[in-house]
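Below: the structure, in structure tokens.
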Amino acid sequence: MAPTRTDPLTLEVVGLIGTVVARYYAEYEQAAAEHALTGAQARLLGLLSLEPMPMRRIAQKLKCEPSNVTGIVDRLETRGLVERRPDPADRRVKLAAATDRGLRTAARLRDGLNFAREPLAELSEEERRTLRDLLRRMVGDEDATVTG
């Protein structure tokens with residue numbers, strides 16, 4: 001018989017995932033605040049530290065409205081952490097990109113996130129790969145990349 005949404009194991013797994021997410025966001029907000037950033041600003045900066053991208057793609061990745069992304073980029077740009085530049089492939093498109101200062105800030109933010117690092121250190125490399133693969137399967141993206 002296939003498990004239902006209310007079987008005890010599924011409920012326990014969902015509860016544990018909720019606990020992990022809540023702890024992660026709490027620590028992310030705290031790390032962001034240490035750099036005078038909101039959590040949304042920190043997540044956007046972390047995303048741009050991987051590669052420059054257009055606003056529409058940022059909005060898709062962060063699952064928010066493009067108008068929200070514009071406001072966040074504006075605030076980060078004012079602080080010298082992000083800049084807008086033309087896309088070399090299509091000069092009509094503007095890319096948001098982390099500046100050198102933004103890249104350094106994003107690296108310090110990542111270094112300040114200890115929550116996941118400590119429990120994951122308890123797992124072997126094989127266990128971490130298995131966990132990664134299962135999470136990718138759950139989100140439906142075998143090549144998912146996560147920031148933060």
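In the structure tokens, chains take the letters A, B, ... in the order shown, each chain's residues start at 1, and ligands count up from 1 in the order shown.
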Handout entry: Residues of chain A in helix (DSSP H, G or I), written as a VMD selection string
Key = chain A and resid 8 to 33 39 to 48 55 to 62 66 to 78 100 to 111 117 to 121 125 to 139
Problem - Sel. of strand (DSSP E) residues, chain A, as a list of chain:residue names - result: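 Everything in chain A that counts as strand (DSSP E) is A:Met53, A:Pro54, A:Val82, A:Glu83, A:Arg84, A:Arg85, A:Pro86, A:Asp87, A:Asp90, A:Arg91, A:Arg92, A:Val93, A:Lys94, A:Leu95, A:Ala96, A:Ala97, A:Ala98.
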Practice task
Could you check which of A:Gly71, A:Pro119, A:Gly102, A:Gly112 is closest to Leu48 of chain A, using only C-alpha atoms?
Solution key: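 Looking only at the distances to Leu48 of chain A, the closest residue turns out to be A:Gly102.
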Exercise for the section: Determine, counting only C-alpha atoms, which protein, DNA and RNA residues have an atom within 10 Å of an atom of Arg85 of chain A; residues of the same chain fewer than 3 positions away are not included. Present the result as a ChimeraX atom specification. Expected result: /A:52-54,82,88,91,93-97
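Residue nearest Glu34 of chain A, chosen from A:Ala98, A:Leu9, A:Leu113, A:Leu135 and counting only C-alpha atoms: A:Leu113.
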Quick one: everything within 9 Å of segment 58-62 of chain A, counting only C-alpha atoms, minus sequence neighbours fewer than 6 positions away in the same chain. Send it as a short mmCIF file (atom, residue, chain, number, x, y, z; two decimals) with N, CA, C and O atoms, in the first residue's frame.
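Okay, around-v3.cif is ready:
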data_model
loop_
_atom_site.label_atom_id
_atom_site.label_comp_id
_atom_site.auth_asym_id
_atom_site.auth_seq_id
_atom_site.Cartn_x
_atom_site.Cartn_y
_atom_site.Cartn_z
N ALA A 40 15.96 38.67 2.34
CA ALA A 40 15.76 38.70 0.89
C ALA A 40 16.97 39.30 0.18
O ALA A 40 17.40 38.80 -0.87
N ARG A 43 19.75 36.68 0.26
CA ARG A 43 19.52 35.58 -0.68
C ARG A 43 19.80 36.03 -2.11
O ARG A 43 20.42 35.30 -2.89
N LEU A 44 19.36 37.24 -2.46
CA LEU A 44 19.61 37.76 -3.81
C LEU A 44 21.11 37.94 -4.04
O LEU A 44 21.63 37.56 -5.08
N LEU A 47 22.72 34.63 -4.61
CA LEU A 47 22.42 34.14 -5.95
C LEU A 47 23.31 34.82 -6.98
O LEU A 47 23.90 34.17 -7.85
N LEU A 48 23.46 36.15 -6.86
CA LEU A 48 24.29 36.89 -7.82
C LEU A 48 25.78 36.62 -7.63
O LEU A 48 26.57 36.88 -8.54
N ASN A 68 9.51 43.19 -7.08
CA ASN A 68 10.20 43.05 -5.79
C ASN A 68 11.71 42.96 -5.99
O ASN A 68 12.48 43.54 -5.24
N VAL A 69 12.11 42.23 -7.02
CA VAL A 69 13.54 42.07 -7.32
C VAL A 69 14.15 43.43 -7.66
O VAL A 69 15.24 43.77 -7.19
N ALA A 96 21.84 41.92 -13.44
CA ALA A 96 22.27 42.33 -12.10
C ALA A 96 23.48 41.47 -11.78
O ALA A 96 23.49 40.27 -12.04
#
